[in-house]
>>> print(open('work-v1.csv').read())   # CSV, N, CA and C atoms
chain,number,residue,atom,x,y,z
A,1,MET,N,222.4,-92.0,143.1
A,1,MET,CA,223.6,-92.4,143.9
A,1,MET,C,223.9,-91.3,144.8
A,2,GLU,N,224.1,-91.6,146.0
A,2,GLU,CA,224.5,-90.6,147.1
A,2,GLU,C,226.0,-90.4,147.2
A,3,ALA,N,226.4,-89.2,147.2
A,3,ALA,CA,227.8,-88.9,147.3
A,3,ALA,C,228.2,-88.9,148.8
A,4,ARG,N,229.3,-89.5,149.2
A,4,ARG,CA,229.7,-89.5,150.5
A,4,ARG,C,231.0,-88.7,150.7
A,5,PRO,N,231.2,-88.0,151.8
A,5,PRO,CA,232.4,-87.2,152.0
A,5,PRO,C,233.6,-88.1,152.1
A,6,PRO,N,234.8,-87.7,151.8
A,6,PRO,CA,236.0,-88.5,151.9
A,6,PRO,C,236.2,-88.9,153.4
A,7,GLU,N,236.9,-90.0,153.6
A,7,GLU,CA,237.2,-90.3,155.0
A,7,GLU,C,238.2,-89.3,155.6
A,8,LYS,N,238.2,-89.1,156.9
A,8,LYS,CA,239.2,-88.3,157.5
A,8,LYS,C,240.4,-89.1,157.9
A,9,ALA,N,241.5,-88.4,157.8
A,9,ALA,CA,242.8,-89.1,158.2
A,9,ALA,C,242.9,-89.1,159.7
A,10,ASP,N,243.6,-90.0,160.3
A,10,ASP,CA,243.9,-90.0,161.7
A,10,ASP,C,244.7,-88.8,162.0
A,11,PRO,N,244.2,-87.9,162.9
A,11,PRO,CA,245.0,-86.7,163.2
A,11,PRO,C,246.4,-86.9,163.8
A,12,SER,N,246.6,-88.1,164.4
A,12,SER,CA,247.9,-88.3,165.0
A,12,SER,C,249.0,-88.4,163.9
A,13,ILE,N,248.7,-88.7,162.7
A,13,ILE,CA,249.7,-88.7,161.6
A,13,ILE,C,250.4,-87.4,161.5
A,14,LEU,N,249.7,-86.3,161.7
A,14,LEU,CA,250.3,-85.0,161.5
A,14,LEU,C,251.4,-84.7,162.5
A,15,GLU,N,251.2,-85.1,163.8
A,15,GLU,CA,252.2,-85.0,164.8
A,15,GLU,C,253.4,-85.8,164.4
A,16,LYS,N,253.2,-87.0,163.9
A,16,LYS,CA,254.3,-87.9,163.5
A,16,LYS,C,255.1,-87.3,162.4
A,17,ILE,N,254.4,-86.8,161.4
A,17,ILE,CA,255.0,-86.1,160.3
A,17,ILE,C,255.8,-84.9,160.7
A,18,ARG,N,255.2,-84.1,161.6
A,18,ARG,CA,255.9,-82.9,162.1
A,18,ARG,C,257.2,-83.3,162.7
A,19,SER,N,257.2,-84.3,163.6
A,19,SER,CA,258.4,-84.8,164.3
A,19,SER,C,259.4,-85.3,163.3
A,20,PHE,N,258.9,-86.1,162.3
A,20,PHE,CA,259.8,-86.6,161.3
A,20,PHE,C,260.5,-85.5,160.5
A,21,VAL,N,259.8,-84.4,160.2
A,21,VAL,CA,260.4,-83.3,159.5
A,21,VAL,C,261.4,-82.5,160.4
A,22,GLN,N,261.0,-82.3,161.6
A,22,GLN,CA,261.9,-81.7,162.6
A,22,GLN,C,263.2,-82.4,162.8
A,23,ASN,N,263.2,-83.7,162.6
A,23,ASN,CA,264.4,-84.6,162.8
A,23,ASN,C,265.1,-84.8,161.5
A,24,GLY,N,264.8,-84.0,160.5
A,24,GLY,CA,265.6,-84.1,159.3
A,24,GLY,C,265.0,-84.7,158.1
A,25,GLY,N,263.8,-85.2,158.2
A,25,GLY,CA,263.1,-85.8,157.1
A,25,GLY,C,262.4,-84.8,156.2
A,26,PHE,N,261.9,-85.2,155.0
A,26,PHE,CA,261.2,-84.4,154.1
A,26,PHE,C,259.8,-85.1,153.9
A,27,ALA,N,258.7,-84.3,153.9
A,27,ALA,CA,257.4,-84.9,153.7
A,27,ALA,C,256.6,-84.0,152.8
A,28,ALA,N,255.9,-84.6,151.8
A,28,ALA,CA,254.9,-83.9,151.0
A,28,ALA,C,253.6,-84.6,151.0
A,29,ASP,N,252.5,-83.8,151.3
A,29,ASP,CA,251.2,-84.3,151.4
A,29,ASP,C,250.7,-84.7,149.9
A,30,ILE,N,250.2,-85.9,149.8
A,30,ILE,CA,249.8,-86.3,148.4
A,30,ILE,C,248.3,-86.4,148.3
A,31,SER,N,247.6,-85.6,149.1
A,31,SER,CA,246.1,-85.7,149.0
A,31,SER,C,245.6,-84.8,147.8
A,32,ALA,N,246.5,-84.0,147.2
A,32,ALA,CA,246.1,-83.2,146.1
A,32,ALA,C,247.0,-83.6,144.9
A,33,GLY,N,246.5,-84.5,144.1
A,33,GLY,CA,247.3,-84.9,142.9
A,33,GLY,C,247.8,-86.3,143.0
A,34,GLY,N,247.8,-86.9,144.2
A,34,GLY,CA,248.3,-88.2,144.4
A,34,GLY,C,249.8,-88.3,144.4
A,35,LEU,N,250.3,-89.6,144.4
A,35,LEU,CA,251.7,-89.9,144.5
A,35,LEU,C,252.4,-89.4,143.2
A,36,ILE,N,251.7,-89.5,142.0
A,36,ILE,CA,252.3,-89.1,140.8
A,36,ILE,C,252.7,-87.6,140.8
A,37,ALA,N,251.8,-86.8,141.3
A,37,ALA,CA,252.1,-85.4,141.3
A,37,ALA,C,253.2,-85.0,142.3
A,38,ALA,N,253.2,-85.7,143.5
A,38,ALA,CA,254.2,-85.5,144.5
A,38,ALA,C,255.6,-85.9,144.0
A,39,LEU,N,255.6,-87.0,143.3
A,39,LEU,CA,256.9,-87.4,142.7
A,39,LEU,C,257.4,-86.5,141.7
A,40,ALA,N,256.5,-86.0,140.8
A,40,ALA,CA,256.9,-85.1,139.8
A,40,ALA,C,257.4,-83.7,140.3
A,41,GLU,N,256.8,-83.3,141.4
A,41,GLU,CA,257.2,-82.0,142.0
A,41,GLU,C,258.4,-82.1,142.9
A,42,CYS,N,258.5,-83.2,143.7
A,42,CYS,CA,259.5,-83.3,144.7
A,42,CYS,C,260.6,-84.2,144.4
A,43,ALA,N,260.5,-85.1,143.5
A,43,ALA,CA,261.5,-86.1,143.2
A,43,ALA,C,261.6,-86.4,141.7
A,44,PRO,N,261.8,-85.3,140.9
A,44,PRO,CA,261.8,-85.5,139.4
A,44,PRO,C,263.0,-86.4,138.9
A,45,ALA,N,263.9,-86.7,139.8
A,45,ALA,CA,265.0,-87.6,139.5
A,45,ALA,C,265.0,-88.7,140.6
A,46,ALA,N,264.2,-89.8,140.3
A,46,ALA,CA,264.1,-90.8,141.3
A,46,ALA,C,263.7,-92.1,140.6
A,47,ALA,N,264.0,-93.2,141.2
A,47,ALA,CA,263.6,-94.5,140.7
A,47,ALA,C,262.6,-95.1,141.8
A,48,VAL,N,261.4,-95.4,141.3
A,48,VAL,CA,260.3,-95.9,142.2
A,48,VAL,C,259.8,-97.2,141.7
A,49,SER,N,259.5,-98.1,142.6
A,49,SER,CA,258.9,-99.4,142.2
A,49,SER,C,257.6,-99.6,143.0
A,50,LEU,N,256.5,-99.9,142.3
A,50,LEU,CA,255.2,-100.1,143.0
A,50,LEU,C,254.7,-101.4,142.6
A,51,ALA,N,253.9,-102.0,143.6
A,51,ALA,CA,253.3,-103.3,143.3
A,51,ALA,C,251.8,-103.1,143.1
A,52,GLY,N,251.2,-103.9,142.4
A,52,GLY,CA,249.7,-103.9,142.2
A,52,GLY,C,249.3,-103.0,141.1
A,53,ASP,N,248.1,-102.5,141.2
A,53,ASP,CA,247.4,-101.7,140.2
A,53,ASP,C,248.0,-100.3,140.2
A,54,ALA,N,248.5,-99.8,139.0
A,54,ALA,CA,249.1,-98.5,138.9
A,54,ALA,C,248.2,-97.3,139.2
A,55,ILE,N,246.9,-97.4,138.8
A,55,ILE,CA,246.0,-96.3,138.9
A,55,ILE,C,245.8,-95.9,140.3
A,56,PRO,N,245.4,-96.7,141.2
A,56,PRO,CA,245.2,-96.3,142.6
A,56,PRO,C,246.5,-95.9,143.3
A,57,ALA,N,247.6,-96.7,142.9
A,57,ALA,CA,248.9,-96.4,143.6
A,57,ALA,C,249.3,-95.0,143.2
A,58,LEU,N,249.2,-94.5,142.0
A,58,LEU,CA,249.7,-93.3,141.6
A,58,LEU,C,248.7,-92.1,141.8
A,59,PHE,N,247.4,-92.4,141.7
A,59,PHE,CA,246.4,-91.2,141.7
A,59,PHE,C,245.6,-91.1,142.9
A,60,ASP,N,245.7,-92.0,143.9
A,60,ASP,CA,244.8,-92.0,145.1
A,60,ASP,C,245.1,-90.7,145.8
A,61,GLU,N,244.1,-89.9,146.1
A,61,GLU,CA,244.3,-88.7,146.9
A,61,GLU,C,243.7,-88.7,148.3
A,62,SER,N,243.7,-89.9,148.9
A,62,SER,CA,243.2,-90.1,150.2
A,62,SER,C,244.0,-89.2,151.2
A,63,PRO,N,243.3,-88.6,152.2
A,63,PRO,CA,243.9,-87.7,153.1
A,63,PRO,C,244.8,-88.6,154.1
A,64,GLY,N,245.8,-87.9,154.6
A,64,GLY,CA,246.7,-88.5,155.6
A,64,GLY,C,247.8,-89.4,155.0
A,65,ARG,N,248.1,-89.2,153.7
A,65,ARG,CA,249.2,-89.9,153.0
A,65,ARG,C,250.2,-88.9,152.6
A,66,PHE,N,251.5,-89.3,152.8
A,66,PHE,CA,252.6,-88.5,152.5
A,66,PHE,C,253.7,-89.2,151.7
A,67,LEU,N,254.4,-88.5,150.9
A,67,LEU,CA,255.6,-88.9,150.3
A,67,LEU,C,256.7,-88.4,151.2
A,68,ILE,N,257.6,-89.4,151.7
A,68,ILE,CA,258.6,-88.9,152.6
A,68,ILE,C,260.0,-89.3,152.0
A,69,ALA,N,261.0,-88.6,152.4
A,69,ALA,CA,262.4,-88.8,152.0
A,69,ALA,C,263.3,-88.6,153.2
A,70,TYR,N,264.3,-89.3,153.3
A,70,TYR,CA,265.3,-89.1,154.4
A,70,TYR,C,266.7,-89.6,154.0
A,71,THR,N,267.7,-89.1,154.7
A,71,THR,CA,269.0,-89.7,154.5
A,71,THR,C,269.4,-90.6,155.6
A,72,ASP,N,268.7,-90.5,156.7
A,72,ASP,CA,269.0,-91.4,157.9
A,72,ASP,C,267.7,-92.1,158.2
A,73,LYS,N,267.7,-93.4,157.9
A,73,LYS,CA,266.4,-94.2,158.0
A,73,LYS,C,265.8,-94.2,159.4
A,74,SER,N,266.7,-93.9,160.4
A,74,SER,CA,266.2,-93.9,161.8
A,74,SER,C,265.1,-92.8,162.1
A,75,VAL,N,265.2,-91.7,161.3
A,75,VAL,CA,264.2,-90.7,161.5
A,75,VAL,C,262.8,-91.1,161.1
A,76,ALA,N,262.7,-92.2,160.3
A,76,ALA,CA,261.4,-92.7,159.9
A,76,ALA,C,260.8,-93.7,160.8
A,77,GLU,N,261.5,-94.1,161.9
A,77,GLU,CA,261.0,-95.1,162.8
A,77,GLU,C,259.7,-94.6,163.4
A,78,GLY,N,258.7,-95.5,163.5
A,78,GLY,CA,257.4,-95.1,164.1
A,78,GLY,C,256.4,-94.7,163.1
A,79,LEU,N,256.9,-94.5,161.8
A,79,LEU,CA,255.9,-94.2,160.8
A,79,LEU,C,255.5,-95.5,160.1
A,80,ASP,N,254.3,-95.6,159.7
A,80,ASP,CA,253.8,-96.7,158.9
A,80,ASP,C,254.1,-96.4,157.5
A,81,ALA,N,255.3,-96.7,157.1
A,81,ALA,CA,255.8,-96.3,155.7
A,81,ALA,C,256.2,-97.5,154.9
A,82,VAL,N,256.1,-97.4,153.6
A,82,VAL,CA,256.6,-98.4,152.7
A,82,VAL,C,257.6,-97.8,151.8
A,83,GLU,N,258.8,-98.4,151.8
A,83,GLU,CA,259.9,-97.8,151.0
A,83,GLU,C,259.6,-98.2,149.5
A,84,ILE,N,259.5,-97.1,148.6
A,84,ILE,CA,259.2,-97.4,147.2
A,84,ILE,C,260.3,-97.0,146.3
A,85,GLY,N,261.4,-96.4,146.7
A,85,GLY,CA,262.5,-96.1,145.8
A,85,GLY,C,263.6,-95.3,146.4
A,86,THR,N,264.4,-94.7,145.5
A,86,THR,CA,265.5,-93.9,145.8
A,86,THR,C,265.5,-92.6,145.0
A,87,VAL,N,266.0,-91.6,145.5
A,87,VAL,CA,266.1,-90.3,144.9
A,87,VAL,C,267.5,-90.2,144.2
A,88,GLY,N,267.5,-89.7,143.0
A,88,GLY,CA,268.7,-89.5,142.2
A,88,GLY,C,268.6,-90.2,140.9
A,89,GLY,N,269.4,-89.7,139.9
A,89,GLY,CA,269.4,-90.3,138.6
A,89,GLY,C,269.2,-89.3,137.6
A,90,ASP,N,268.9,-89.7,136.4
A,90,ASP,CA,268.7,-88.8,135.2
A,90,ASP,C,267.2,-88.4,135.0
A,91,GLY,N,266.3,-89.0,135.7
A,91,GLY,CA,264.9,-88.6,135.5
A,91,GLY,C,264.0,-89.4,136.5
A,92,LEU,N,262.8,-89.3,136.3
A,92,LEU,CA,261.8,-90.1,137.1
A,92,LEU,C,261.5,-91.4,136.4
A,93,ILE,N,261.8,-92.5,137.0
A,93,ILE,CA,261.4,-93.8,136.5
A,93,ILE,C,260.5,-94.5,137.5
A,94,ILE,N,259.3,-94.8,137.0
A,94,ILE,CA,258.3,-95.5,137.8
A,94,ILE,C,258.1,-96.9,137.3
A,95,SER,N,258.3,-97.9,138.1
A,95,SER,CA,258.1,-99.3,137.7
A,95,SER,C,256.9,-99.8,138.4
A,96,VAL,N,255.9,-100.3,137.7
A,96,VAL,CA,254.7,-100.9,138.2
A,96,VAL,C,254.6,-102.3,137.7
A,97,SER,N,254.7,-103.3,138.6
A,97,SER,CA,254.6,-104.7,138.2
A,97,SER,C,255.4,-105.0,137.0
A,98,GLY,N,256.7,-104.5,137.0
A,98,GLY,CA,257.6,-104.9,136.0
A,98,GLY,C,257.6,-104.0,134.7
A,99,GLU,N,256.6,-103.1,134.6
A,99,GLU,CA,256.5,-102.2,133.5
A,99,GLU,C,257.1,-100.8,133.9
A,100,ASN,N,257.9,-100.3,133.0
A,100,ASN,CA,258.5,-99.0,133.4
A,100,ASN,C,257.9,-97.8,132.6
A,101,ILE,N,257.7,-96.7,133.4
A,101,ILE,CA,257.3,-95.4,132.8
A,101,ILE,C,258.5,-94.5,133.1
A,102,ALA,N,259.1,-93.9,132.1
A,102,ALA,CA,260.3,-93.0,132.4
A,102,ALA,C,260.0,-91.6,131.9
A,103,PHE,N,260.4,-90.7,132.7
A,103,PHE,CA,260.4,-89.3,132.3
A,103,PHE,C,261.8,-88.8,132.4
A,104,THR,N,262.5,-88.7,131.3
A,104,THR,CA,263.9,-88.2,131.3
A,104,THR,C,264.0,-87.3,130.1
A,105,PRO,N,264.7,-86.2,130.2
A,105,PRO,CA,265.2,-85.6,131.4
A,105,PRO,C,264.2,-85.0,132.3
A,106,PRO,N,264.5,-84.4,133.4
A,106,PRO,CA,263.5,-83.9,134.4
A,106,PRO,C,262.5,-82.9,133.8
A,107,GLN,N,262.9,-82.3,132.7
A,107,GLN,CA,262.0,-81.3,132.0
A,107,GLN,C,260.8,-82.0,131.5
A,108,GLU,N,260.9,-83.3,131.1
A,108,GLU,CA,259.8,-84.1,130.7
A,108,GLU,C,258.8,-84.3,131.8
A,109,THR,N,259.3,-84.5,133.0
A,109,THR,CA,258.5,-84.6,134.2
A,109,THR,C,257.7,-83.3,134.5
A,110,ASP,N,258.4,-82.2,134.3
A,110,ASP,CA,257.7,-80.9,134.5
A,110,ASP,C,256.6,-80.7,133.5
A,111,ALA,N,256.8,-81.1,132.2
A,111,ALA,CA,255.8,-81.0,131.2
A,111,ALA,C,254.6,-81.9,131.5
A,112,ALA,N,254.9,-83.1,131.9
A,112,ALA,CA,253.9,-84.1,132.2
A,112,ALA,C,253.0,-83.6,133.4
A,113,LEU,N,253.7,-83.1,134.4
A,113,LEU,CA,253.0,-82.5,135.6
A,113,LEU,C,252.1,-81.4,135.2
A,114,ASP,N,252.6,-80.5,134.4
A,114,ASP,CA,251.8,-79.3,133.9
A,114,ASP,C,250.5,-79.8,133.2
A,115,SER,N,250.7,-80.8,132.3
A,115,SER,CA,249.6,-81.4,131.6
A,115,SER,C,248.6,-82.0,132.5
A,116,LEU,N,249.1,-82.8,133.4
A,116,LEU,CA,248.2,-83.5,134.4
A,116,LEU,C,247.4,-82.5,135.2
A,117,THR,N,248.1,-81.5,135.7
A,117,THR,CA,247.4,-80.5,136.5
A,117,THR,C,246.4,-79.7,135.7
A,118,ALA,N,246.7,-79.4,134.5
A,118,ALA,CA,245.7,-78.7,133.6
A,118,ALA,C,244.4,-79.6,133.4
A,119,VAL,N,244.6,-80.9,133.2
A,119,VAL,CA,243.4,-81.7,133.1
A,119,VAL,C,242.6,-81.8,134.4
A,120,MET,N,243.4,-82.0,135.5
A,120,MET,CA,242.7,-82.1,136.8
A,120,MET,C,241.8,-80.9,137.1
A,121,TYR,N,242.3,-79.7,136.8
A,121,TYR,CA,241.5,-78.6,137.2
A,121,TYR,C,240.6,-78.0,136.2
A,122,THR,N,240.5,-78.6,135.0
A,122,THR,CA,239.5,-78.2,134.0
A,122,THR,C,238.3,-79.1,133.9
A,123,GLU,N,238.4,-80.3,134.5
A,123,GLU,CA,237.3,-81.2,134.4
A,123,GLU,C,236.5,-81.3,135.7
>>> encode(input="work-v1.csv", output="C-alpha cells")
Amino acid sequence: MEARPPEKADPSILEKIRSFVQNGGFAADISAGGLIAALAECAPAAAVSLAGDAIPALFDESPGRFLIAYTDKSVAEGLDAVEIGTVGGDGLIISVSGENIAFTPPQETDAALDSLTAVMYTE
C-alpha cells in the first residue's frame, strides 16, 4: 500500500482567519489533535452538538480547519463555518447524534486531554 501525503489546505483560509481574529474572533488550528483536543484546550466549559459519525468529527486532523469563537456573529461573515455550540457552563458536553459525552468539572477535561495526548505521541 502506498502512503500519500495529506491534502493541502486552501491558502486563502489563513487570510480569512487572520482577518477574523483581527476583528475580535478567536481561532484555534485543529490540525494537531482534531476538534476534540481543540475543545479540551480552548473551550473546557462548552456545549457542543455534532451530527454524523463521532470519530471523524472529533479526531479529523485535516489541514485548514479551525475551531472559532466570537461574541459578535458578524465577524464570522465570509467564513465557511458550521455553528456547533456555545461556550460556558460547568464542563465540556459533547452531543453526537443524541448521545452525550460529558467532562465535568473542567479538571476532567484536562485529565482526558493529557491522556489523549500521551497516547497520540507514544504510538
>>> atom_distance(input="work-v1.csv", atom1="atom C of Val21 of chain A", atom2="atom N of Gly78 of chain A")
13.6 Å
>>> atom_distance(input="work-v1.csv", atom1="atom CA of Leu92 of chain A", atom2="atom CA of Thr104 of chain A")
6.5 Å
>>> closest_residue(input="work-v1.csv", among="A:Ala76, A:Ala81, A:Ala47, A:Ile68", to="Ile94 of chain A", atoms="all atoms listed in the file")
A:Ala47
>>> residues_around(input="work-v1.csv", residues="Leu58 of chain A", least_positions_apart="6", cutoff="8 Å", atoms="only C-alpha atoms", output="list in words")
Gly34, Leu35 and Ile36 of chain A
>>> atom_distance(input="work-v1.csv", atom1="atom N of Ala51 of chain A", atom2="atom CA of Ala37 of chain A")
16.9 Å
>>> residues_around(input="work-v1.csv", residues="Gly88 of chain A", least_positions_apart="3", cutoff="6 Å", atoms="only N, CA and C atoms", output="list in words")
Ala45, Ala46, Ala47 and Gly91 of chain A
>>> closest_residue(input="work-v1.csv", among="A:Gly25, A:Pro63, A:Pro11, A:Gly52", to="Ser97 of chain A", atoms="only N, CA and C atoms")
A:Gly52
>>> select_by_dssp(input="work-v1.csv", residues="chain A", states="strand (DSSP E or B)", output="list in words")
Phe26, Ala27, Ala28, Asp29, Ala46, Ala47, Val48, Ser49, Leu50, Phe66, Leu67, Ile68, Ala69, Gly85, Thr86, Val87, Leu92, Ile93, Ile94, Ser95, Val96, Glu99, Asn100, Ile101, Ala102 and Phe103 of chain A
>>> residues_around(input="work-v1.csv", residues="Val96 of chain A", least_positions_apart="4", cutoff="6.5 Å", atoms="only N, CA and C atoms", output="ChimeraX atom specification")
/A:48-52,54,100-101
>>> write_last_selection(input="work-v1.csv", atoms="N, CA and C atoms", output="mmCIF file, in the frame of the given file")
data_model
loop_
_atom_site.group_PDB
_atom_site.id
_atom_site.type_symbol
_atom_site.label_atom_id
_atom_site.label_comp_id
_atom_site.auth_asym_id
_atom_site.auth_seq_id
_atom_site.Cartn_x
_atom_site.Cartn_y
_atom_site.Cartn_z
ATOM 1 N N VAL A 48 261.400 -95.400 141.300
ATOM 2 C CA VAL A 48 260.300 -95.900 142.200
ATOM 3 C C VAL A 48 259.800 -97.200 141.700
ATOM 4 N N SER A 49 259.500 -98.100 142.600
ATOM 5 C CA SER A 49 258.900 -99.400 142.200
ATOM 6 C C SER A 49 257.600 -99.600 143.000
ATOM 7 N N LEU A 50 256.500 -99.900 142.300
ATOM 8 C CA LEU A 50 255.200 -100.100 143.000
ATOM 9 C C LEU A 50 254.700 -101.400 142.600
ATOM 10 N N ALA A 51 253.900 -102.000 143.600
ATOM 11 C CA ALA A 51 253.300 -103.300 143.300
ATOM 12 C C ALA A 51 251.800 -103.100 143.100
ATOM 13 N N GLY A 52 251.200 -103.900 142.400
ATOM 14 C CA GLY A 52 249.700 -103.900 142.200
ATOM 15 C C GLY A 52 249.300 -103.000 141.100
ATOM 16 N N ALA A 54 248.500 -99.800 139.000
ATOM 17 C CA ALA A 54 249.100 -98.500 138.900
ATOM 18 C C ALA A 54 248.200 -97.300 139.200
ATOM 19 N N ASN A 100 257.900 -100.300 133.000
ATOM 20 C CA ASN A 100 258.500 -99.000 133.400
ATOM 21 C C ASN A 100 257.900 -97.800 132.600
ATOM 22 N N ILE A 101 257.700 -96.700 133.400
ATOM 23 C CA ILE A 101 257.300 -95.400 132.800
ATOM 24 C C ILE A 101 258.500 -94.500 133.100
#
>>> closest_residue(input="work-v1.csv", among="A:Ser62, A:Phe26, A:Val75, A:Ala57", to="Ala43 of chain A", atoms="only C-alpha atoms")
A:Phe26
>>> select_by_dssp(input="work-v1.csv", residues="chain A", states="helix (DSSP H, G or I)", output="CSV table (one decimal) with N, CA and C atoms, in the frame of the given file")
chain,number,residue,atom,x,y,z
A,12,SER,N,246.6,-88.1,164.4
A,12,SER,CA,247.9,-88.3,165.0
A,12,SER,C,249.0,-88.4,163.9
A,13,ILE,N,248.7,-88.7,162.7
A,13,ILE,CA,249.7,-88.7,161.6
A,13,ILE,C,250.4,-87.4,161.5
A,14,LEU,N,249.7,-86.3,161.7
A,14,LEU,CA,250.3,-85.0,161.5
A,14,LEU,C,251.4,-84.7,162.5
A,15,GLU,N,251.2,-85.1,163.8
A,15,GLU,CA,252.2,-85.0,164.8
A,15,GLU,C,253.4,-85.8,164.4
A,16,LYS,N,253.2,-87.0,163.9
A,16,LYS,CA,254.3,-87.9,163.5
A,16,LYS,C,255.1,-87.3,162.4
A,17,ILE,N,254.4,-86.8,161.4
A,17,ILE,CA,255.0,-86.1,160.3
A,17,ILE,C,255.8,-84.9,160.7
A,18,ARG,N,255.2,-84.1,161.6
A,18,ARG,CA,255.9,-82.9,162.1
A,18,ARG,C,257.2,-83.3,162.7
A,19,SER,N,257.2,-84.3,163.6
A,19,SER,CA,258.4,-84.8,164.3
A,19,SER,C,259.4,-85.3,163.3
A,20,PHE,N,258.9,-86.1,162.3
A,20,PHE,CA,259.8,-86.6,161.3
A,20,PHE,C,260.5,-85.5,160.5
A,21,VAL,N,259.8,-84.4,160.2
A,21,VAL,CA,260.4,-83.3,159.5
A,21,VAL,C,261.4,-82.5,160.4
A,22,GLN,N,261.0,-82.3,161.6
A,22,GLN,CA,261.9,-81.7,162.6
A,22,GLN,C,263.2,-82.4,162.8
A,34,GLY,N,247.8,-86.9,144.2
A,34,GLY,CA,248.3,-88.2,144.4
A,34,GLY,C,249.8,-88.3,144.4
A,35,LEU,N,250.3,-89.6,144.4
A,35,LEU,CA,251.7,-89.9,144.5
A,35,LEU,C,252.4,-89.4,143.2
A,36,ILE,N,251.7,-89.5,142.0
A,36,ILE,CA,252.3,-89.1,140.8
A,36,ILE,C,252.7,-87.6,140.8
A,37,ALA,N,251.8,-86.8,141.3
A,37,ALA,CA,252.1,-85.4,141.3
A,37,ALA,C,253.2,-85.0,142.3
A,38,ALA,N,253.2,-85.7,143.5
A,38,ALA,CA,254.2,-85.5,144.5
A,38,ALA,C,255.6,-85.9,144.0
A,39,LEU,N,255.6,-87.0,143.3
A,39,LEU,CA,256.9,-87.4,142.7
A,39,LEU,C,257.4,-86.5,141.7
A,40,ALA,N,256.5,-86.0,140.8
A,40,ALA,CA,256.9,-85.1,139.8
A,40,ALA,C,257.4,-83.7,140.3
A,41,GLU,N,256.8,-83.3,141.4
A,41,GLU,CA,257.2,-82.0,142.0
A,41,GLU,C,258.4,-82.1,142.9
A,42,CYS,N,258.5,-83.2,143.7
A,42,CYS,CA,259.5,-83.3,144.7
A,42,CYS,C,260.6,-84.2,144.4
A,54,ALA,N,248.5,-99.8,139.0
A,54,ALA,CA,249.1,-98.5,138.9
A,54,ALA,C,248.2,-97.3,139.2
A,55,ILE,N,246.9,-97.4,138.8
A,55,ILE,CA,246.0,-96.3,138.9
A,55,ILE,C,245.8,-95.9,140.3
A,56,PRO,N,245.4,-96.7,141.2
A,56,PRO,CA,245.2,-96.3,142.6
A,56,PRO,C,246.5,-95.9,143.3
A,57,ALA,N,247.6,-96.7,142.9
A,57,ALA,CA,248.9,-96.4,143.6
A,57,ALA,C,249.3,-95.0,143.2
A,58,LEU,N,249.2,-94.5,142.0
A,58,LEU,CA,249.7,-93.3,141.6
A,58,LEU,C,248.7,-92.1,141.8
A,59,PHE,N,247.4,-92.4,141.7
A,59,PHE,CA,246.4,-91.2,141.7
A,59,PHE,C,245.6,-91.1,142.9
A,73,LYS,N,267.7,-93.4,157.9
A,73,LYS,CA,266.4,-94.2,158.0
A,73,LYS,C,265.8,-94.2,159.4
A,74,SER,N,266.7,-93.9,160.4
A,74,SER,CA,266.2,-93.9,161.8
A,74,SER,C,265.1,-92.8,162.1
A,75,VAL,N,265.2,-91.7,161.3
A,75,VAL,CA,264.2,-90.7,161.5
A,75,VAL,C,262.8,-91.1,161.1
A,76,ALA,N,262.7,-92.2,160.3
A,76,ALA,CA,261.4,-92.7,159.9
A,76,ALA,C,260.8,-93.7,160.8
A,106,PRO,N,264.5,-84.4,133.4
A,106,PRO,CA,263.5,-83.9,134.4
A,106,PRO,C,262.5,-82.9,133.8
A,107,GLN,N,262.9,-82.3,132.7
A,107,GLN,CA,262.0,-81.3,132.0
A,107,GLN,C,260.8,-82.0,131.5
A,108,GLU,N,260.9,-83.3,131.1
A,108,GLU,CA,259.8,-84.1,130.7
A,108,GLU,C,258.8,-84.3,131.8
A,109,THR,N,259.3,-84.5,133.0
A,109,THR,CA,258.5,-84.6,134.2
A,109,THR,C,257.7,-83.3,134.5
A,110,ASP,N,258.4,-82.2,134.3
A,110,ASP,CA,257.7,-80.9,134.5
A,110,ASP,C,256.6,-80.7,133.5
A,111,ALA,N,256.8,-81.1,132.2
A,111,ALA,CA,255.8,-81.0,131.2
A,111,ALA,C,254.6,-81.9,131.5
A,112,ALA,N,254.9,-83.1,131.9
A,112,ALA,CA,253.9,-84.1,132.2
A,112,ALA,C,253.0,-83.6,133.4
A,113,LEU,N,253.7,-83.1,134.4
A,113,LEU,CA,253.0,-82.5,135.6
A,113,LEU,C,252.1,-81.4,135.2
A,114,ASP,N,252.6,-80.5,134.4
A,114,ASP,CA,251.8,-79.3,133.9
A,114,ASP,C,250.5,-79.8,133.2
A,115,SER,N,250.7,-80.8,132.3
A,115,SER,CA,249.6,-81.4,131.6
A,115,SER,C,248.6,-82.0,132.5
A,116,LEU,N,249.1,-82.8,133.4
A,116,LEU,CA,248.2,-83.5,134.4
A,116,LEU,C,247.4,-82.5,135.2
A,117,THR,N,248.1,-81.5,135.7
A,117,THR,CA,247.4,-80.5,136.5
A,117,THR,C,246.4,-79.7,135.7
A,118,ALA,N,246.7,-79.4,134.5
A,118,ALA,CA,245.7,-78.7,133.6
A,118,ALA,C,244.4,-79.6,133.4
A,119,VAL,N,244.6,-80.9,133.2
A,119,VAL,CA,243.4,-81.7,133.1
A,119,VAL,C,242.6,-81.8,134.4
A,120,MET,N,243.4,-82.0,135.5
A,120,MET,CA,242.7,-82.1,136.8
A,120,MET,C,241.8,-80.9,137.1
A,121,TYR,N,242.3,-79.7,136.8
A,121,TYR,CA,241.5,-78.6,137.2
A,121,TYR,C,240.6,-78.0,136.2
A,122,THR,N,240.5,-78.6,135.0
A,122,THR,CA,239.5,-78.2,134.0
A,122,THR,C,238.3,-79.1,133.9
>>> closest_residue(input="work-v1.csv", among="A:Ser74, A:Ala111, A:Ala28, A:Glu83", to="Cys42 of chain A", atoms="only N, CA and C atoms")
A:Ala28
